[in-house]
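Student: Compact mmCIF, N, CA and C atoms, saved as work.txt, coming up:
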# COMPACT_ATOMS: atom_id res chain seq x y z
N MET R 1 26.46 103.78 112.47
CA MET R 1 26.50 104.01 111.04
C MET R 1 26.42 102.68 110.31
N ALA R 2 25.73 102.70 109.29
CA ALA R 2 25.59 101.47 108.51
C ALA R 2 26.75 101.36 107.55
N ALA R 3 27.14 100.13 107.29
CA ALA R 3 28.23 99.90 106.35
C ALA R 3 27.76 100.26 104.95
N MET R 4 28.59 101.01 104.24
CA MET R 4 28.21 101.42 102.88
C MET R 4 28.72 100.37 101.90
N GLN R 5 28.03 100.23 100.80
CA GLN R 5 28.41 99.27 99.77
C GLN R 5 28.87 100.03 98.53
N SER R 6 29.83 99.45 97.83
CA SER R 6 30.35 100.07 96.61
C SER R 6 30.62 98.98 95.60
N THR R 7 30.59 99.32 94.36
CA THR R 7 30.90 98.36 93.31
C THR R 7 32.35 98.57 92.91
N ALA R 8 33.15 97.53 93.00
CA ALA R 8 34.56 97.60 92.64
C ALA R 8 34.71 97.55 91.13
N PHE R 9 35.93 97.58 90.67
CA PHE R 9 36.23 97.64 89.25
C PHE R 9 35.63 96.47 88.48
N LEU R 10 35.71 95.26 89.01
CA LEU R 10 35.22 94.08 88.30
C LEU R 10 33.77 93.74 88.66
N GLY R 11 33.10 94.59 89.33
CA GLY R 11 31.71 94.34 89.65
C GLY R 11 31.51 93.64 90.99
N ASN R 12 32.56 93.33 91.72
CA ASN R 12 32.41 92.73 93.04
C ASN R 12 31.95 93.78 94.02
N ARG R 13 31.12 93.35 94.95
CA ARG R 13 30.68 94.30 95.97
C ARG R 13 31.65 94.26 97.14
N THR R 14 32.08 95.41 97.54
CA THR R 14 32.98 95.51 98.68
C THR R 14 32.36 96.44 99.70
N ALA R 15 32.63 96.18 100.93
CA ALA R 15 32.10 97.03 101.99
C ALA R 15 33.12 98.12 102.30
N LEU R 16 32.65 99.35 102.32
CA LEU R 16 33.50 100.48 102.66
C LEU R 16 33.34 100.79 104.13
N LYS R 17 34.41 100.98 104.80
CA LYS R 17 34.33 101.36 106.21
C LYS R 17 34.37 102.88 106.27
N PRO R 18 33.50 103.46 107.04
CA PRO R 18 33.56 104.91 107.16
C PRO R 18 34.83 105.32 107.92
N ALA R 19 35.44 106.41 107.52
CA ALA R 19 36.68 106.87 108.15
C ALA R 19 36.38 107.37 109.55
N LEU R 20 37.06 106.90 110.51
CA LEU R 20 36.92 107.35 111.88
C LEU R 20 37.99 108.39 112.15
N ARG R 21 37.59 109.50 112.69
CA ARG R 21 38.56 110.56 112.97
C ARG R 21 39.46 110.15 114.12
N GLY R 22 40.72 110.36 113.97
CA GLY R 22 41.66 110.10 115.05
C GLY R 22 42.10 108.66 115.17
N SER R 23 41.67 107.77 114.30
CA SER R 23 42.13 106.39 114.39
C SER R 23 43.45 106.26 113.66
N VAL R 24 44.43 105.76 114.36
CA VAL R 24 45.77 105.60 113.79
C VAL R 24 46.22 104.19 114.08
N SER R 25 46.69 103.52 113.05
CA SER R 25 47.16 102.16 113.26
C SER R 25 48.55 102.19 113.89
N ARG R 26 48.93 101.08 114.46
CA ARG R 26 50.25 100.97 115.10
C ARG R 26 51.36 101.13 114.07
N GLN R 27 51.14 100.59 112.87
CA GLN R 27 52.17 100.68 111.84
C GLN R 27 52.41 102.12 111.42
N SER R 28 51.35 102.90 111.29
CA SER R 28 51.55 104.28 110.87
C SER R 28 52.23 105.08 111.97
N ARG R 29 51.96 104.78 113.24
CA ARG R 29 52.65 105.48 114.33
C ARG R 29 54.14 105.16 114.30
N VAL R 30 54.49 103.90 114.07
CA VAL R 30 55.90 103.51 114.01
C VAL R 30 56.58 104.20 112.84
N ALA R 31 55.91 104.25 111.70
CA ALA R 31 56.49 104.89 110.53
C ALA R 31 56.71 106.38 110.77
N VAL R 32 55.74 107.04 111.40
CA VAL R 32 55.87 108.47 111.67
C VAL R 32 56.98 108.70 112.69
N ASN R 33 57.04 107.87 113.73
CA ASN R 33 58.11 108.02 114.73
C ASN R 33 59.48 107.81 114.11
N ALA R 34 59.59 106.83 113.23
CA ALA R 34 60.87 106.55 112.58
C ALA R 34 61.28 107.71 111.68
N MET R 35 60.30 108.38 111.10
CA MET R 35 60.59 109.47 110.18
C MET R 35 61.08 110.71 110.93
N PHE R 36 60.57 110.94 112.12
CA PHE R 36 60.88 112.18 112.83
C PHE R 36 61.86 112.03 113.97
N THR R 37 62.29 110.82 114.28
CA THR R 37 63.29 110.68 115.33
C THR R 37 64.65 111.06 114.77
N LYS R 38 65.42 111.72 115.60
CA LYS R 38 66.75 112.15 115.15
C LYS R 38 67.75 111.08 115.52
N THR R 39 68.23 110.40 114.52
CA THR R 39 69.28 109.40 114.74
C THR R 39 70.45 109.77 113.87
N LYS R 40 71.61 109.65 114.43
CA LYS R 40 72.82 109.92 113.66
C LYS R 40 73.16 108.71 112.82
N PRO R 41 73.53 108.92 111.58
CA PRO R 41 73.95 107.77 110.79
C PRO R 41 75.23 107.19 111.38
N ALA R 42 75.39 105.90 111.22
CA ALA R 42 76.58 105.25 111.76
C ALA R 42 77.83 105.85 111.13
N ALA R 43 78.75 106.24 111.95
CA ALA R 43 79.98 106.86 111.44
C ALA R 43 80.78 105.83 110.66
N LYS R 44 81.22 106.24 109.50
CA LYS R 44 82.02 105.35 108.67
C LYS R 44 83.42 105.27 109.26
N VAL R 45 83.89 104.07 109.45
CA VAL R 45 85.20 103.86 110.03
C VAL R 45 86.25 104.20 108.98
N ALA R 46 87.24 104.98 109.38
CA ALA R 46 88.29 105.40 108.45
C ALA R 46 89.47 104.44 108.57
N TYR R 47 89.79 103.76 107.48
CA TYR R 47 90.96 102.90 107.42
C TYR R 47 92.02 103.61 106.59
N VAL R 48 93.21 103.75 107.18
CA VAL R 48 94.27 104.55 106.58
C VAL R 48 95.53 103.69 106.42
N CYS R 49 96.22 103.88 105.32
CA CYS R 49 97.48 103.18 105.06
C CYS R 49 98.57 103.74 105.97
N LEU R 50 99.26 102.86 106.67
CA LEU R 50 100.35 103.29 107.56
C LEU R 50 101.55 103.83 106.80
N ASP R 51 101.73 103.40 105.57
CA ASP R 51 102.92 103.77 104.82
C ASP R 51 102.80 105.13 104.14
N CYS R 52 101.60 105.46 103.61
CA CYS R 52 101.47 106.71 102.87
C CYS R 52 100.35 107.62 103.35
N GLY R 53 99.41 107.11 104.16
CA GLY R 53 98.31 107.92 104.66
C GLY R 53 97.07 107.90 103.78
N TYR R 54 97.01 107.00 102.79
CA TYR R 54 95.85 106.91 101.90
C TYR R 54 94.62 106.47 102.68
N LEU R 55 93.49 107.16 102.46
CA LEU R 55 92.23 106.84 103.11
C LEU R 55 91.41 105.92 102.21
N TYR R 56 91.06 104.73 102.73
CA TYR R 56 90.21 103.79 101.98
C TYR R 56 88.82 104.41 101.88
N ASP R 57 88.36 104.70 100.66
CA ASP R 57 87.08 105.39 100.49
C ASP R 57 86.19 104.72 99.44
N GLU R 58 86.29 103.42 99.31
CA GLU R 58 85.46 102.71 98.35
C GLU R 58 84.14 102.30 99.01
N PRO R 59 83.10 102.01 98.21
CA PRO R 59 81.79 101.71 98.80
C PRO R 59 81.73 100.39 99.56
N THR R 60 82.55 99.41 99.23
CA THR R 60 82.55 98.13 99.93
C THR R 60 83.19 98.30 101.30
N PRO R 61 82.54 97.82 102.36
CA PRO R 61 83.17 97.92 103.69
C PRO R 61 84.53 97.24 103.70
N PHE R 62 85.48 97.85 104.39
CA PHE R 62 86.86 97.37 104.38
C PHE R 62 86.96 95.95 104.93
N GLU R 63 86.12 95.62 105.92
CA GLU R 63 86.17 94.28 106.52
C GLU R 63 85.75 93.20 105.52
N ASP R 64 84.92 93.56 104.54
CA ASP R 64 84.42 92.59 103.57
C ASP R 64 85.38 92.36 102.40
N VAL R 65 86.37 93.21 102.25
CA VAL R 65 87.34 93.08 101.16
C VAL R 65 88.34 91.99 101.53
N LYS R 66 88.52 91.00 100.63
CA LYS R 66 89.43 89.89 100.93
C LYS R 66 90.89 90.28 100.78
N SER R 67 91.24 90.85 99.66
CA SER R 67 92.62 91.29 99.46
C SER R 67 92.56 92.68 98.85
N TYR R 68 93.46 93.53 99.31
CA TYR R 68 93.46 94.91 98.86
C TYR R 68 94.89 95.43 98.91
N ALA R 69 95.25 96.24 97.96
CA ALA R 69 96.56 96.89 97.94
C ALA R 69 96.33 98.39 97.80
N CYS R 70 97.10 99.16 98.51
CA CYS R 70 97.00 100.61 98.47
C CYS R 70 97.28 101.09 97.04
N PRO R 71 96.39 101.90 96.46
CA PRO R 71 96.63 102.36 95.09
C PRO R 71 97.78 103.36 94.98
N VAL R 72 98.19 103.96 96.10
CA VAL R 72 99.28 104.94 96.05
C VAL R 72 100.64 104.27 96.19
N CYS R 73 100.80 103.43 97.25
CA CYS R 73 102.13 102.86 97.52
C CYS R 73 102.18 101.34 97.36
N GLY R 74 101.05 100.69 97.17
CA GLY R 74 101.03 99.24 96.96
C GLY R 74 101.09 98.42 98.24
N ALA R 75 100.88 99.04 99.40
CA ALA R 75 100.93 98.32 100.67
C ALA R 75 99.75 97.34 100.76
N PRO R 76 99.95 96.16 101.35
CA PRO R 76 98.86 95.19 101.47
C PRO R 76 97.82 95.62 102.50
N LYS R 77 96.72 94.91 102.53
CA LYS R 77 95.60 95.24 103.41
C LYS R 77 96.01 95.26 104.89
N ARG R 78 96.96 94.43 105.28
CA ARG R 78 97.36 94.36 106.69
C ARG R 78 98.02 95.64 107.16
N ARG R 79 98.47 96.51 106.26
CA ARG R 79 99.10 97.77 106.63
C ARG R 79 98.09 98.90 106.83
N PHE R 80 96.79 98.62 106.63
CA PHE R 80 95.75 99.61 106.87
C PHE R 80 95.26 99.47 108.29
N LYS R 81 95.15 100.58 109.00
CA LYS R 81 94.70 100.58 110.39
C LYS R 81 93.54 101.57 110.53
N GLU R 82 92.74 101.37 111.57
CA GLU R 82 91.60 102.24 111.84
C GLU R 82 92.08 103.54 112.48
N LEU R 83 91.64 104.66 111.92
CA LEU R 83 92.00 105.98 112.45
C LEU R 83 90.79 106.59 113.13
N LYS R 84 90.93 106.93 114.40
CA LYS R 84 89.83 107.52 115.16
C LYS R 84 89.89 109.04 115.03
N GLY R 85 88.73 109.66 114.90
CA GLY R 85 88.66 111.12 114.84
C GLY R 85 89.18 111.71 113.55
N ASN R 86 89.00 111.02 112.44
CA ASN R 86 89.49 111.51 111.16
C ASN R 86 88.58 112.63 110.65
N LYS R 87 89.17 113.77 110.33
CA LYS R 87 88.40 114.88 109.78
C LYS R 87 88.78 115.15 108.32
N LEU R 88 89.89 114.60 107.89
CA LEU R 88 90.37 114.82 106.53
C LEU R 88 89.81 113.74 105.62
N ARG R 89 89.02 114.11 104.64
CA ARG R 89 88.37 113.14 103.76
C ARG R 89 88.94 113.11 102.35
N ASN R 90 89.90 113.96 102.05
CA ASN R 90 90.48 113.99 100.70
C ASN R 90 91.75 113.15 100.67
N ASN R 91 92.11 112.71 99.49
CA ASN R 91 93.35 111.96 99.30
C ASN R 91 94.37 112.79 98.53
N ASP R 92 94.42 114.10 98.83
CA ASP R 92 95.45 114.94 98.22
C ASP R 92 96.74 114.79 99.01
N PRO R 93 97.90 115.16 98.45
CA PRO R 93 99.18 114.92 99.13
C PRO R 93 99.29 115.52 100.53
N LYS R 94 98.74 116.71 100.75
CA LYS R 94 98.81 117.34 102.06
C LYS R 94 98.01 116.54 103.10
N SER R 95 96.82 116.07 102.72
CA SER R 95 96.00 115.27 103.63
C SER R 95 96.63 113.92 103.91
N LEU R 96 97.28 113.33 102.90
CA LEU R 96 97.93 112.03 103.08
C LEU R 96 98.98 112.11 104.18
N VAL R 97 99.82 113.13 104.12
CA VAL R 97 100.90 113.28 105.10
C VAL R 97 100.32 113.53 106.50
N ALA R 98 99.33 114.42 106.59
CA ALA R 98 98.73 114.74 107.89
C ALA R 98 98.06 113.51 108.50
N ARG R 99 97.34 112.74 107.67
CA ARG R 99 96.65 111.53 108.16
C ARG R 99 97.65 110.47 108.61
N LYS R 100 98.73 110.33 107.86
CA LYS R 100 99.76 109.35 108.20
C LYS R 100 100.37 109.67 109.57
N GLU R 101 100.70 110.93 109.79
CA GLU R 101 101.27 111.34 111.07
C GLU R 101 100.26 111.16 112.20
N GLN R 102 98.99 111.51 111.95
CA GLN R 102 97.95 111.35 112.97
C GLN R 102 97.77 109.87 113.35
N LEU R 103 97.79 108.99 112.36
CA LEU R 103 97.63 107.56 112.63
C LEU R 103 98.84 107.02 113.40
N ARG R 104 100.03 107.42 113.02
CA ARG R 104 101.23 106.96 113.73
C ARG R 104 101.22 107.44 115.19
N GLU R 105 100.80 108.69 115.43
CA GLU R 105 100.71 109.20 116.80
C GLU R 105 99.67 108.42 117.60
N GLN R 106 98.55 108.08 116.96
CA GLN R 106 97.49 107.30 117.63
C GLN R 106 98.01 105.92 118.04
N ILE R 107 98.74 105.27 117.15
CA ILE R 107 99.26 103.92 117.45
C ILE R 107 100.28 103.98 118.58
N VAL R 108 101.15 104.97 118.58
CA VAL R 108 102.14 105.11 119.64
C VAL R 108 101.44 105.42 120.96
N ALA R 109 100.39 106.26 120.94
CA ALA R 109 99.65 106.59 122.16
C ALA R 109 98.96 105.36 122.74
N GLU R 110 98.55 104.44 121.88
CA GLU R 110 97.90 103.20 122.34
C GLU R 110 98.93 102.15 122.77
N GLY R 111 100.20 102.46 122.65
CA GLY R 111 101.25 101.54 123.08
C GLY R 111 101.69 100.57 122.01
N GLY R 112 101.38 100.84 120.77
CA GLY R 112 101.76 99.95 119.68
C GLY R 112 102.98 100.45 118.93
N ASN R 113 103.37 99.70 117.93
CA ASN R 113 104.51 100.05 117.10
C ASN R 113 104.00 100.27 115.67
N PRO R 114 104.11 101.49 115.13
CA PRO R 114 103.59 101.74 113.79
C PRO R 114 104.34 100.98 112.69
N ASP R 115 105.56 100.55 112.97
CA ASP R 115 106.33 99.81 111.98
C ASP R 115 106.25 98.31 112.19
N GLU R 116 105.21 97.87 112.87
CA GLU R 116 105.02 96.45 113.15
C GLU R 116 104.93 95.66 111.85
N GLY R 117 105.67 94.60 111.75
CA GLY R 117 105.65 93.75 110.57
C GLY R 117 106.73 94.09 109.56
N GLN R 118 107.23 95.30 109.57
CA GLN R 118 108.26 95.69 108.62
C GLN R 118 109.60 95.08 109.00
N ASN R 119 109.94 95.04 110.28
CA ASN R 119 111.23 94.48 110.70
C ASN R 119 111.34 93.00 110.36
N GLU R 120 110.26 92.25 110.55
CA GLU R 120 110.27 90.83 110.22
C GLU R 120 110.54 90.61 108.74
N PHE R 121 109.97 91.46 107.91
CA PHE R 121 110.17 91.36 106.47
C PHE R 121 111.63 91.62 106.12
N LEU R 122 112.22 92.64 106.72
CA LEU R 122 113.62 92.96 106.44
C LEU R 122 114.55 91.85 106.90
N ILE R 123 114.29 91.29 108.07
CA ILE R 123 115.12 90.19 108.58
C ILE R 123 115.02 88.98 107.66
N PHE R 124 113.78 88.63 107.25
CA PHE R 124 113.58 87.49 106.36
C PHE R 124 114.30 87.70 105.02
N THR R 125 114.20 88.92 104.49
CA THR R 125 114.86 89.22 103.22
C THR R 125 116.38 89.11 103.36
N GLY R 126 116.93 89.64 104.45
CA GLY R 126 118.38 89.56 104.68
C GLY R 126 118.87 88.13 104.81
N VAL R 127 118.14 87.31 105.57
CA VAL R 127 118.52 85.91 105.74
C VAL R 127 118.46 85.17 104.41
N THR R 128 117.46 85.47 103.60
CA THR R 128 117.32 84.82 102.29
C THR R 128 118.49 85.19 101.38
N ILE R 129 118.87 86.45 101.39
CA ILE R 129 119.99 86.88 100.54
C ILE R 129 121.30 86.21 100.98
N VAL R 130 121.53 86.17 102.29
CA VAL R 130 122.75 85.53 102.80
C VAL R 130 122.76 84.05 102.44
N ALA R 131 121.63 83.38 102.57
CA ALA R 131 121.55 81.96 102.23
C ALA R 131 121.79 81.74 100.74
N ALA R 132 121.23 82.61 99.90
CA ALA R 132 121.43 82.47 98.46
C ALA R 132 122.90 82.70 98.09
N LEU R 133 123.53 83.69 98.68
CA LEU R 133 124.96 83.93 98.40
C LEU R 133 125.83 82.77 98.91
N GLY R 134 125.51 82.23 100.05
CA GLY R 134 126.24 81.07 100.57
C GLY R 134 126.10 79.87 99.66
N PHE R 135 124.89 79.66 99.14
CA PHE R 135 124.67 78.53 98.23
C PHE R 135 125.44 78.72 96.93
N LEU R 136 125.46 79.95 96.41
CA LEU R 136 126.23 80.22 95.18
C LEU R 136 127.72 80.05 95.43
N ALA R 137 128.22 80.46 96.58
CA ALA R 137 129.62 80.29 96.90
C ALA R 137 129.96 78.80 97.03
N TYR R 138 129.08 78.01 97.56
CA TYR R 138 129.28 76.56 97.68
C TYR R 138 129.36 75.90 96.31
N LEU R 139 128.51 76.34 95.37
CA LEU R 139 128.51 75.76 94.03
C LEU R 139 129.77 76.11 93.25
N ASN R 140 130.36 77.26 93.51
CA ASN R 140 131.54 77.70 92.76
C ASN R 140 132.83 77.04 93.26
N LEU R 141 132.80 76.29 94.33
CA LEU R 141 134.03 75.67 94.84
C LEU R 141 134.52 74.61 93.94
Go ahead and render the structure in this file as structure tokens.
Tutor:
Amino acid sequence: MAAMQSTAFLGNRTALKPALRGSVSRQSRVAVNAMFTKTKPAAKVAYVCLDCGYLYDEPTPFEDVKSYACPVCGAPKRRFKELKGNKLRNNDPKSLVARKEQLREQIVAEGGNPDEGQNEFLIFTGVTIVAALGFLAYLNL
């Protein structure tokens, strides 16, 4: 077949290639394969507050957030843990309690302590109070 000639919009001559039946470029095959392959979207990791069961559901990935406080109980970011197999996606009171219990059971099953970090805080607070009272008693002598 001879190459056909056509006049483009600005008067330039361009050569038209006749369409060949069954010719498919590699890019179009990749695009078609990508469109029809069944892939599961990456499961969103559920981060839950240990203190109240609040599910972090904001668009920013939890790992990228520098500082965060639970909007329900005010717990810091370190009190949020990853919950595996979460099916409850609402933050209503019933779901909060169920998620909190599920997360605590998961941590205990993995050999951890769900109240990790709380005891250190209480000890530090108690020592600080005793030291402050001792200092005040010393000043009153």
Student: For atom C of R:Lys66 and atom CA of R:Lys81, quote the distance in Å rounded to one decimal.
Tutor: 14.6 Å
Student: Between atom C of R:Gln102 and atom C of R:Lys77, what is the distance in Å, rounded to a tenth?
Tutor: 17.0 Å
Student: Could you state the separation of atom CA of R:Lys87 and atom C of R:Ala46 in Å, given to one decimal place?
Tutor: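 Computing the Euclidean distance for atom CA of R:Lys87 and atom C of R:Ala46 yields 10.6 Å.
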Student: Please list, as number ranges by chain, the residues that have an atom at most 10 Å away from (92.6, 113.5, 113.6) in the coordinates of this file, counting only C-alpha atoms.
Tutor: R: 83-88, 98-103, 105-106
Student: Looking at R:Ile123, R:Leu96, R:Val48, R:Tyr54, which one is nearest to R:Val72, with distances taken over only N, CA and C atoms?
Tutor: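 When distances to R:Val72 are compared using only N, CA and C atoms, the smallest one comes from R:Tyr54.
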Student: With distances taken over all atoms listed in the file, which residue among R:Cys49, R:Leu141, R:Phe135, R:Ala109 lies nearest R:Pro76?
Tutor: R:Cys49
Student: Mind the document's chain letters and residue numbers, and return as an MDAnalysis selection string the residues of stretch 37-138 of chain R that DSSP labels strand (DSSP E).
Tutor: chainID R and resid 46:49 80:83
Student: Just asking: which residues within stretch 75-141 of chain R are helix (DSSP H, G or I) according to DSSP, as a ChimeraX atom specification?
Tutor: /R:77-79,93-109,118-139
Student: With all atoms listed in the file as the atoms that count, which of R:Arg79, R:Ile107, R:Glu120, R:Val127 lies nearest to R:Leu50?
Tutor: R:Arg79
Student: Take stretch 122-133 of chain R, bring it up to all heavy atoms, and give me the output as an mmCIF file, in the coordinates of the input.
Tutor:
data_model
loop_
_atom_site.group_PDB
_atom_site.id
_atom_site.type_symbol
_atom_site.label_atom_id
_atom_site.label_comp_id
_atom_site.auth_asym_id
_atom_site.auth_seq_id
_atom_site.Cartn_x
_atom_site.Cartn_y
_atom_site.Cartn_z
ATOM 1 N N LEU R 122 112.220 92.640 106.720
ATOM 2 C CA LEU R 122 113.620 92.960 106.440
ATOM 3 C C LEU R 122 114.550 91.850 106.900
ATOM 4 O O LEU R 122 115.513 91.507 106.213
ATOM 5 C CB LEU R 122 113.999 94.290 107.101
ATOM 6 C CG LEU R 122 113.311 95.532 106.533
ATOM 7 C CD1 LEU R 122 113.668 96.753 107.362
ATOM 8 C CD2 LEU R 122 113.682 95.740 105.086
ATOM 9 N N ILE R 123 114.290 91.290 108.070
ATOM 10 C CA ILE R 123 115.120 90.190 108.580
ATOM 11 C C ILE R 123 115.020 88.980 107.660
ATOM 12 O O ILE R 123 116.021 88.355 107.297
ATOM 13 C CB ILE R 123 114.711 89.828 110.025
ATOM 14 C CG1 ILE R 123 115.095 90.972 110.973
ATOM 15 C CG2 ILE R 123 115.344 88.518 110.470
ATOM 16 C CD1 ILE R 123 114.526 90.832 112.363
ATOM 17 N N PHE R 124 113.780 88.630 107.250
ATOM 18 C CA PHE R 124 113.580 87.490 106.360
ATOM 19 C C PHE R 124 114.300 87.700 105.020
ATOM 20 O O PHE R 124 114.950 86.796 104.496
ATOM 21 C CB PHE R 124 112.087 87.257 106.126
ATOM 22 C CG PHE R 124 111.789 86.157 105.169
ATOM 23 C CD1 PHE R 124 111.925 84.834 105.559
ATOM 24 C CD2 PHE R 124 111.399 86.429 103.870
ATOM 25 C CE1 PHE R 124 111.661 83.795 104.661
ATOM 26 C CE2 PHE R 124 111.137 85.407 102.971
ATOM 27 C CZ PHE R 124 111.270 84.088 103.374
ATOM 28 N N THR R 125 114.200 88.920 104.490
ATOM 29 C CA THR R 125 114.860 89.220 103.220
ATOM 30 C C THR R 125 116.380 89.110 103.360
ATOM 31 O O THR R 125 117.057 88.540 102.487
ATOM 32 C CB THR R 125 114.479 90.634 102.746
ATOM 33 O OG1 THR R 125 113.057 90.725 102.658
ATOM 34 C CG2 THR R 125 115.080 90.947 101.396
ATOM 35 N N GLY R 126 116.930 89.640 104.450
ATOM 36 C CA GLY R 126 118.380 89.560 104.680
ATOM 37 C C GLY R 126 118.870 88.130 104.810
ATOM 38 O O GLY R 126 119.896 87.754 104.226
ATOM 39 N N VAL R 127 118.140 87.310 105.570
ATOM 40 C CA VAL R 127 118.520 85.910 105.740
ATOM 41 C C VAL R 127 118.460 85.170 104.410
ATOM 42 O O VAL R 127 119.336 84.357 104.086
ATOM 43 C CB VAL R 127 117.634 85.230 106.801
ATOM 44 C CG1 VAL R 127 117.811 83.723 106.807
ATOM 45 C CG2 VAL R 127 117.916 85.816 108.174
ATOM 46 N N THR R 128 117.460 85.470 103.600
ATOM 47 C CA THR R 128 117.320 84.820 102.290
ATOM 48 C C THR R 128 118.490 85.190 101.380
ATOM 49 O O THR R 128 119.041 84.328 100.676
ATOM 50 C CB THR R 128 115.977 85.227 101.639
ATOM 51 O OG1 THR R 128 114.915 84.907 102.528
ATOM 52 C CG2 THR R 128 115.771 84.520 100.321
ATOM 53 N N ILE R 129 118.870 86.450 101.390
ATOM 54 C CA ILE R 129 119.990 86.880 100.540
ATOM 55 C C ILE R 129 121.300 86.210 100.980
ATOM 56 O O ILE R 129 122.076 85.728 100.149
ATOM 57 C CB ILE R 129 120.110 88.419 100.553
ATOM 58 C CG1 ILE R 129 118.924 89.033 99.812
ATOM 59 C CG2 ILE R 129 121.431 88.880 99.952
ATOM 60 C CD1 ILE R 129 118.834 90.529 99.916
ATOM 61 N N VAL R 130 121.530 86.170 102.290
ATOM 62 C CA VAL R 130 122.750 85.530 102.800
ATOM 63 C C VAL R 130 122.760 84.050 102.440
ATOM 64 O O VAL R 130 123.796 83.492 102.023
ATOM 65 C CB VAL R 130 122.881 85.748 104.328
ATOM 66 C CG1 VAL R 130 123.962 84.869 104.918
ATOM 67 C CG2 VAL R 130 123.149 87.208 104.623
ATOM 68 N N ALA R 131 121.630 83.380 102.570
ATOM 69 C CA ALA R 131 121.550 81.960 102.230
ATOM 70 C C ALA R 131 121.790 81.740 100.740
ATOM 71 O O ALA R 131 122.490 80.789 100.343
ATOM 72 C CB ALA R 131 120.188 81.405 102.637
ATOM 73 N N ALA R 132 121.230 82.610 99.900
ATOM 74 C CA ALA R 132 121.430 82.470 98.460
ATOM 75 C C ALA R 132 122.900 82.700 98.090
ATOM 76 O O ALA R 132 123.470 81.957 97.265
ATOM 77 C CB ALA R 132 120.538 83.462 97.709
ATOM 78 N N LEU R 133 123.530 83.690 98.680
ATOM 79 C CA LEU R 133 124.960 83.930 98.400
ATOM 80 C C LEU R 133 125.830 82.770 98.910
ATOM 81 O O LEU R 133 126.798 82.382 98.246
ATOM 82 C CB LEU R 133 125.399 85.251 99.040
ATOM 83 C CG LEU R 133 124.836 86.519 98.405
ATOM 84 C CD1 LEU R 133 125.236 87.748 99.208
ATOM 85 C CD2 LEU R 133 125.293 86.643 96.965
#
